[in-house]
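Everything below belongs to model_37.cif, which stores mmCIF, C-alpha atoms and all ligand atoms.
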```cif
data_start
#
loop_
_atom_site.label_atom_id
_atom_site.label_comp_id
_atom_site.auth_asym_id
_atom_site.auth_seq_id
_atom_site.Cartn_x
_atom_site.Cartn_y
_atom_site.Cartn_z
CA MET K 1 294.68 221.82 198.54
CA ARG K 2 296.97 222.31 195.51
CA ILE K 3 300.67 222.77 196.25
CA ARG K 4 303.73 223.55 194.14
CA PHE K 5 306.77 221.39 194.59
CA THR K 6 310.17 220.73 193.06
CA LYS K 7 311.48 217.19 192.64
CA MET K 8 315.25 216.94 193.20
CA GLN K 9 317.85 214.26 193.69
CA GLY K 10 321.36 214.03 195.08
CA ALA K 11 323.21 210.87 193.98
CA GLY K 12 319.80 209.26 193.49
CA ASN K 13 318.49 210.07 197.00
CA ASP K 14 315.28 211.86 195.95
CA PHE K 15 313.38 214.73 197.51
CA VAL K 16 310.18 216.71 197.28
CA MET K 17 311.20 220.30 198.02
CA LEU K 18 308.53 222.64 199.42
CA ASP K 19 308.74 226.43 199.75
CA GLU K 20 307.21 227.79 202.96
CA THR K 21 309.06 231.11 202.79
CA ARG K 22 305.80 232.92 201.99
CA GLY K 23 303.78 231.15 204.67
CA PRO K 24 303.05 227.71 206.12
CA LEU K 25 301.43 225.04 203.97
CA GLY K 26 299.98 223.37 207.09
CA LEU K 27 300.96 219.81 206.19
CA SER K 28 300.67 216.86 208.58
CA PRO K 29 302.73 213.63 208.74
CA ALA K 30 299.98 211.99 206.64
CA HIS K 31 300.49 214.66 203.94
CA TYR K 32 304.26 214.00 203.92
CA ARG K 33 303.60 210.25 203.59
CA PHE K 34 301.24 211.00 200.69
CA LEU K 35 303.80 213.20 198.88
CA ALA K 36 306.51 210.56 199.35
CA ASP K 37 304.31 207.73 198.07
CA ARG K 38 305.62 206.50 194.70
CA HIS K 39 302.19 205.33 193.50
CA PHE K 40 299.68 207.88 194.80
CA GLY K 41 301.90 210.94 195.41
CA VAL K 42 305.08 212.38 193.87
CA GLY K 43 307.52 209.80 195.24
CA ALA K 44 310.53 210.65 197.39
CA ASP K 45 312.80 209.35 200.13
CA GLN K 46 312.46 212.63 202.05
CA ILE K 47 310.48 215.88 201.98
CA LEU K 48 312.40 219.12 202.64
CA THR K 49 310.44 222.21 203.65
CA VAL K 50 312.28 225.53 203.42
CA ARG K 51 311.25 228.36 205.75
CA PRO K 52 312.57 231.86 206.49
CA SER K 53 314.83 232.18 209.52
CA PRO K 54 314.03 234.69 212.26
CA ALA K 55 317.68 234.54 213.46
CA GLU K 56 320.11 237.24 212.33
CA GLY K 57 322.87 235.95 210.04
CA ILE K 58 320.99 232.74 209.22
CA ASP K 59 319.46 232.72 205.73
CA PHE K 60 316.83 229.97 206.08
CA GLU K 61 315.58 227.07 208.16
CA TYR K 62 314.45 223.74 206.80
CA VAL K 63 312.68 220.74 208.21
CA ILE K 64 313.14 217.21 206.94
CA HIS K 65 310.52 214.47 206.91
CA ASN K 66 311.27 210.86 206.04
CA ALA K 67 308.97 208.97 203.65
CA ASP K 68 307.22 207.51 206.73
CA GLY K 69 306.19 211.04 207.81
CA GLY K 70 308.59 211.28 210.77
CA GLU K 71 310.61 214.46 211.26
CA VAL K 72 314.41 213.95 211.38
CA GLU K 73 317.41 215.98 212.39
CA GLN K 74 319.74 215.96 209.38
CA CYS K 75 320.05 215.00 205.72
CA GLY K 76 323.30 215.30 203.78
CA ASN K 77 322.04 214.86 200.22
CA GLY K 78 319.12 217.13 201.07
CA ALA K 79 321.51 219.86 202.25
CA ARG K 80 323.14 219.91 198.81
CA CYS K 81 319.77 219.99 197.02
CA PHE K 82 318.60 222.77 199.37
CA VAL K 83 321.24 225.30 198.22
CA ARG K 84 320.48 224.64 194.56
CA PHE K 85 316.73 224.93 195.28
CA VAL K 86 316.87 228.33 197.02
CA ARG K 87 319.07 229.72 194.24
CA GLU K 88 316.92 228.37 191.41
CA GLN K 89 313.74 229.62 193.08
CA GLY K 90 315.25 233.13 193.29
CA LEU K 91 315.18 233.06 197.10
CA THR K 92 318.89 233.98 197.31
CA THR K 93 321.84 234.78 195.07
CA LYS K 94 324.47 233.62 197.55
CA ASP K 95 326.88 230.77 196.71
CA ALA K 96 327.07 229.70 200.37
CA VAL K 97 323.84 229.69 202.33
CA LYS K 98 323.55 229.38 206.11
CA VAL K 99 320.62 227.21 207.15
CA LYS K 100 319.31 226.02 210.50
CA THR K 101 318.32 222.38 210.79
CA LEU K 102 317.20 220.41 213.84
CA ALA K 103 320.82 219.22 214.17
CA GLY K 104 322.33 222.74 214.05
CA ILE K 105 323.50 225.32 211.50
CA ILE K 106 325.20 224.20 208.31
CA GLU K 107 326.43 226.11 205.26
CA PRO K 108 326.17 224.31 201.91
CA ARG K 109 328.37 225.96 199.27
CA MET K 110 328.06 225.78 195.45
CA GLN K 111 331.30 224.78 193.73
CA PRO K 112 332.32 226.14 190.30
CA ASP K 113 331.83 222.65 188.78
CA GLY K 114 328.16 222.55 189.91
CA ARG K 115 328.71 220.19 192.81
CA VAL K 116 327.97 221.28 196.37
CA THR K 117 330.22 221.06 199.44
CA VAL K 118 328.70 220.97 202.92
CA ASN K 119 330.45 221.33 206.25
CA MET K 120 328.42 218.70 208.12
CA GLY K 121 329.90 219.56 211.53
CA ALA K 122 331.84 217.25 213.83
CA PRO K 123 330.67 213.68 214.34
CA VAL K 124 329.17 212.86 217.72
CA PHE K 125 330.57 209.83 219.57
CA GLU K 126 329.01 210.14 223.06
CA LEU K 127 326.70 207.14 223.18
CA GLU K 128 323.83 208.91 224.92
CA ARG K 129 323.86 211.70 222.31
CA ILE K 130 323.69 209.29 219.33
CA PRO K 131 321.48 207.96 221.06
CA PHE K 132 322.70 204.39 221.68
CA ASN K 133 322.09 202.32 224.80
CA PRO K 134 324.95 199.81 225.27
CA ALA K 135 323.35 198.00 228.25
CA GLY K 136 324.22 194.29 228.17
CA LEU K 137 326.64 194.61 225.20
CA THR K 138 330.42 194.11 225.38
CA PRO K 139 332.26 196.03 222.66
CA GLN K 140 335.12 194.72 220.52
CA THR K 141 338.09 197.13 220.22
CA ALA K 142 339.17 197.87 216.65
CA GLY K 143 341.66 200.58 215.61
CA SER K 144 341.10 203.48 218.00
CA TRP K 145 337.44 202.58 218.39
CA GLN K 146 334.81 200.03 219.24
CA LYS K 147 332.32 197.81 217.45
CA TRP K 148 329.18 196.71 219.24
CA PRO K 149 327.60 193.26 218.84
CA LEU K 150 323.90 193.46 217.97
CA ALA K 151 321.84 190.29 218.11
CA LEU K 152 319.10 190.56 215.50
CA ASP K 153 315.93 188.64 216.31
CA GLY K 154 315.71 185.45 214.27
CA TYR K 155 318.52 186.54 211.92
CA ALA K 156 321.67 184.51 211.06
CA GLN K 157 320.95 182.01 213.85
CA ASN K 158 321.27 184.91 216.29
CA ALA K 159 324.99 185.44 215.46
CA PRO K 160 325.58 189.14 216.26
CA VAL K 161 326.48 191.76 213.67
CA PHE K 162 329.21 194.20 214.76
CA VAL K 163 328.47 197.89 214.24
CA ALA K 164 330.32 201.15 214.86
CA VAL K 165 327.90 203.81 216.11
CA VAL K 166 328.08 207.55 215.45
CA SER K 167 325.80 210.53 214.97
CA MET K 168 326.11 213.01 212.12
CA GLY K 169 323.20 214.91 213.66
CA ASN K 170 321.21 211.73 213.03
CA PRO K 171 322.07 208.22 214.25
CA HIS K 172 324.09 205.70 212.22
CA ALA K 173 325.23 202.09 212.78
CA VAL K 174 327.93 201.07 210.28
CA GLN K 175 329.09 197.52 209.62
CA LEU K 176 331.87 196.20 207.40
CA VAL K 177 330.92 193.78 204.64
CA ASP K 178 333.02 191.94 202.05
CA ASP K 179 330.79 192.90 199.11
CA VAL K 180 327.91 195.38 199.18
CA ASP K 181 326.26 193.61 196.24
CA THR K 182 325.64 190.49 198.32
CA ALA K 183 325.30 192.20 201.74
CA PRO K 184 321.97 191.41 203.48
CA VAL K 185 320.83 195.06 203.40
CA LEU K 186 317.10 194.34 203.02
CA GLU K 187 317.08 191.52 205.59
CA ALA K 188 319.33 192.94 208.35
CA GLY K 189 318.63 196.65 207.66
CA PRO K 190 315.12 196.80 209.17
CA LEU K 191 316.18 194.70 212.18
CA ILE K 192 319.08 197.08 212.89
CA GLU K 193 316.83 200.13 212.32
CA HIS K 194 314.47 198.89 215.05
CA HIS K 195 317.07 197.32 217.41
CA PRO K 196 316.16 198.18 221.03
CA SER K 197 319.64 199.66 221.68
CA PHE K 198 318.65 202.64 219.49
CA PRO K 199 315.84 204.53 221.27
CA LYS K 200 315.26 206.81 218.22
CA ARG K 201 315.88 204.00 215.68
CA VAL K 202 318.94 204.17 213.43
CA ASN K 203 320.22 204.31 209.84
CA ALA K 204 322.04 201.05 208.99
CA GLY K 205 325.16 201.34 206.81
CA PHE K 206 326.90 198.48 204.97
CA MET K 207 330.45 199.47 203.97
CA GLN K 208 332.87 197.64 201.68
CA VAL K 209 336.40 199.02 201.89
CA VAL K 210 337.91 199.01 198.38
CA SER K 211 341.11 200.88 199.29
CA ARG K 212 342.20 203.47 201.86
CA GLY K 213 340.66 206.15 199.63
CA GLN K 214 337.54 204.41 198.33
CA ILE K 215 334.54 202.58 199.77
CA ARG K 216 331.31 201.18 198.39
CA LEU K 217 328.27 201.87 200.56
CA ARG K 218 324.63 200.90 200.87
CA VAL K 219 322.37 202.35 203.57
CA TYR K 220 319.04 201.12 204.89
CA GLU K 221 317.63 204.43 206.05
CA ARG K 222 315.49 204.96 209.11
CA GLY K 223 311.98 205.83 207.94
CA ALA K 224 312.71 205.39 204.22
CA GLY K 225 314.18 201.92 203.58
CA GLU K 226 317.18 201.43 201.32
CA THR K 227 317.95 204.58 199.31
CA LEU K 228 320.32 204.96 196.35
CA ALA K 229 322.57 207.12 198.53
CA CYS K 230 322.65 208.60 202.03
CA GLY K 231 324.84 211.66 202.59
CA THR K 232 325.00 211.48 206.38
CA GLY K 233 325.46 207.70 205.98
CA ALA K 234 328.49 208.35 203.76
CA CYS K 235 329.94 210.74 206.38
CA ALA K 236 329.28 208.21 209.18
CA ALA K 237 330.86 205.34 207.22
CA VAL K 238 334.02 207.32 206.43
CA VAL K 239 334.35 208.51 210.04
CA ALA K 240 333.91 204.90 211.18
CA GLY K 241 336.46 203.62 208.64
CA ILE K 242 339.02 206.26 209.69
CA ARG K 243 338.57 205.52 213.41
CA LEU K 244 338.80 201.80 212.74
CA GLY K 245 342.17 202.45 211.04
CA LEU K 246 341.01 201.42 207.55
CA LEU K 247 340.71 204.70 205.64
CA ASP K 248 342.66 207.89 204.89
CA ALA K 249 341.35 211.41 205.46
CA ARG K 250 339.78 211.80 201.98
CA VAL K 251 337.55 209.05 200.67
CA ASP K 252 335.41 208.58 197.57
CA VAL K 253 332.15 206.89 198.48
CA LEU K 254 330.54 204.89 195.68
CA THR K 255 326.81 204.49 196.21
CA ARG K 256 324.23 202.88 193.94
CA GLY K 257 323.17 206.37 192.81
CA GLY K 258 326.48 208.19 192.43
CA GLN K 259 329.70 209.29 194.04
CA LEU K 260 330.29 211.47 197.10
CA THR K 261 333.63 212.66 198.44
CA ILE K 262 334.04 212.81 202.21
CA GLU K 263 336.91 214.43 204.09
CA TRP K 264 337.61 214.22 207.83
CA ALA K 265 340.87 215.16 209.56
CA GLY K 266 340.29 212.55 212.27
CA THR K 267 340.45 214.73 215.39
CA LEU K 268 337.27 214.47 217.40
CA ASP K 269 336.20 218.09 216.91
CA ALA K 270 337.11 218.25 213.19
CA PRO K 271 334.16 218.86 210.85
CA VAL K 272 333.22 216.35 208.17
CA MET K 273 333.16 217.85 204.66
CA MET K 274 330.90 216.28 202.05
CA THR K 275 330.99 217.08 198.31
CA GLY K 276 328.57 215.72 195.74
CA PRO K 277 325.93 216.39 193.10
CA ALA K 278 322.51 218.04 193.43
CA THR K 279 320.06 218.00 190.53
CA THR K 280 316.60 219.41 189.84
CA VAL K 281 314.39 216.79 188.15
CA PHE K 282 311.17 218.76 187.53
CA GLU K 283 308.73 221.26 189.06
CA SER K 284 305.00 220.81 189.20
CA GLU K 285 301.81 221.03 191.28
CA ILE K 286 299.85 218.32 193.01
CA GLU K 287 296.39 218.14 194.58
CA VAL K 288 296.90 216.98 198.17
CA PRO K 289 293.78 215.51 199.80
CA ASP K 290 292.76 217.14 203.12
CA THR K 291 292.92 213.76 204.83
CA PRO K 292 295.20 211.50 202.76
N1 LIG K 301 319.04 210.61 203.08
C1 LIG K 301 319.57 211.41 204.10
C2 LIG K 301 319.23 211.06 205.52
C3 LIG K 301 317.75 211.29 205.80
C4 LIG K 301 317.35 211.06 207.22
C5 LIG K 301 317.55 209.64 207.68
N2 LIG K 301 316.71 208.69 206.98
C6 LIG K 301 317.24 209.56 209.19
O1 LIG K 301 316.15 209.12 209.56
O2 LIG K 301 318.10 209.97 209.99
C7 LIG K 301 321.01 211.83 203.88
O3 LIG K 301 321.38 212.03 202.72
O4 LIG K 301 321.73 212.07 204.86
#
```
Could you spell out this file's structure in structure tokens?
Ligand SMILES: N[C@@H](CCC[C@H](N)C(=O)O)C(=O)O
Amino acid sequence: MRIRFTKMQGAGNDFVMLDETRGPLGLSPAHYRFLADRHFGVGADQILTVRPSPAEGIDFEYVIHNADGGEVEQCGNGARCFVRFVREQGLTTKDAVKVKTLAGIIEPRMQPDGRVTVNMGAPVFELERIPFNPAGLTPQTAGSWQKWPLALDGYAQNAPVFVAVVSMGNPHAVQLVDDVDTAPVLEAGPLIEHHPSFPKRVNAGFMQVVSRGQIRLRVYERGAGETLACGTGACAAVVAGIRLGLLDARVDVLTRGGQLTIEWAGTLDAPVMMTGPATTVFESEIEVPDTP
């Protein structure tokens, strides 16, 4: 089967965008893995598939698949690319587009300078909704919050790493590091992703606080490995930094692929606002094998 796709990126987090507004493409997890493959497919961290929405007042739905083929709830950089995609494909002329994701309805909005702002909704702290199982762990109190000690099998002589846990629609575990350049992202990241306290696995963030208004961040993403940027990871890190008493309400997040700005008023029901770039790289077609 031959399918059309658009390659996009947001701060270096890259996507294959698919248009299912005219009908389903009928792809399986194996097809998503093939499209994401950097040698045999197009290459991407995530695949976003845009569909029409049957609900009144909602413009579209989209589903997100990680490079490993698994479907996930939310994707911040993808949300920004989505609004540019539907406009460039002539699917809408709106500046702000309401879209249903597995994690709920969001409304990415084009800014006059070409960046996109997304209201990512309020962070979720209830442990069972993240989901995070704290059985057997005693938290450390820090600021107005808690950090949880995770023992990582065979890592750092079993000394625990301390993580703040939060959901931005998808699960995140954020730890503080002195320097992201030397942080053990590739060693500890996969162990945190698969730690048994996270029944749905987790995205592992490594945050260096530069000042109260600036952090550097690397994220080892669930189902994709380290990416150049993670939008929900940036939101989770800033929320964690604010609750730990380290950050102000507006923070620039420097990732390896670009800069995002995150704002959160700090009350538990306040939405997290994310602003950043979204860029189309190219459009093309690819022959997808029936059974990749
Ligand atoms: N890159 C994304 C997050 C994509 C999903 C994530 N890997 C997960 O499994 O939850 C972002 O920009 O938020």
For each of K:Lys7, K:His39, K:His172, K:Lys98, take the minimum atom-to-atom distance to ligand LIG 301 (chain K), counting all atoms listed in the file, then give the residue where this is smallest.
K:His172
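Using all atoms listed in the file for every distance, the candidate list K:Gly70, K:Pro277, K:Pro292, K:Gly136 yields K:Gly70 as the residue closest to Lys200 in chain K.
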Would you work out the distance separating CA of Arg256 in chain K from CA of Gly10 in chain K, expressed in Å to one decimal?
11.6 Å
Near-Tyr155 in chain K list (8 Å; all atoms listed in the file; drop same-chain fewer than 4 positions) as a ChimeraX atom specification
/K:151,159,188
For range 2-5 of chain K, list every protein, DNA or RNA residue within 6 Å, evaluated using all atoms listed in the file, and leave out those in the same chain fewer than 2 positions away; present the list as a PyMOL selection string.
chain K and resi 17-18+283-288
Taking all atoms listed in the file into account, list the residues no farther than 6 Å from ligand LIG 301 (chain K), as a PyMOL selection string.
chain K and resi 66+72+74-78+170+221-224+230-233
Can you pull out the residues contacting Gln140 in chain K? Cut-off 9 Å, using all atoms listed in the file, and skip same-chain residues under 4 positions away; I want them as a VMD selection string.
chain K and resid 145 to 149 162
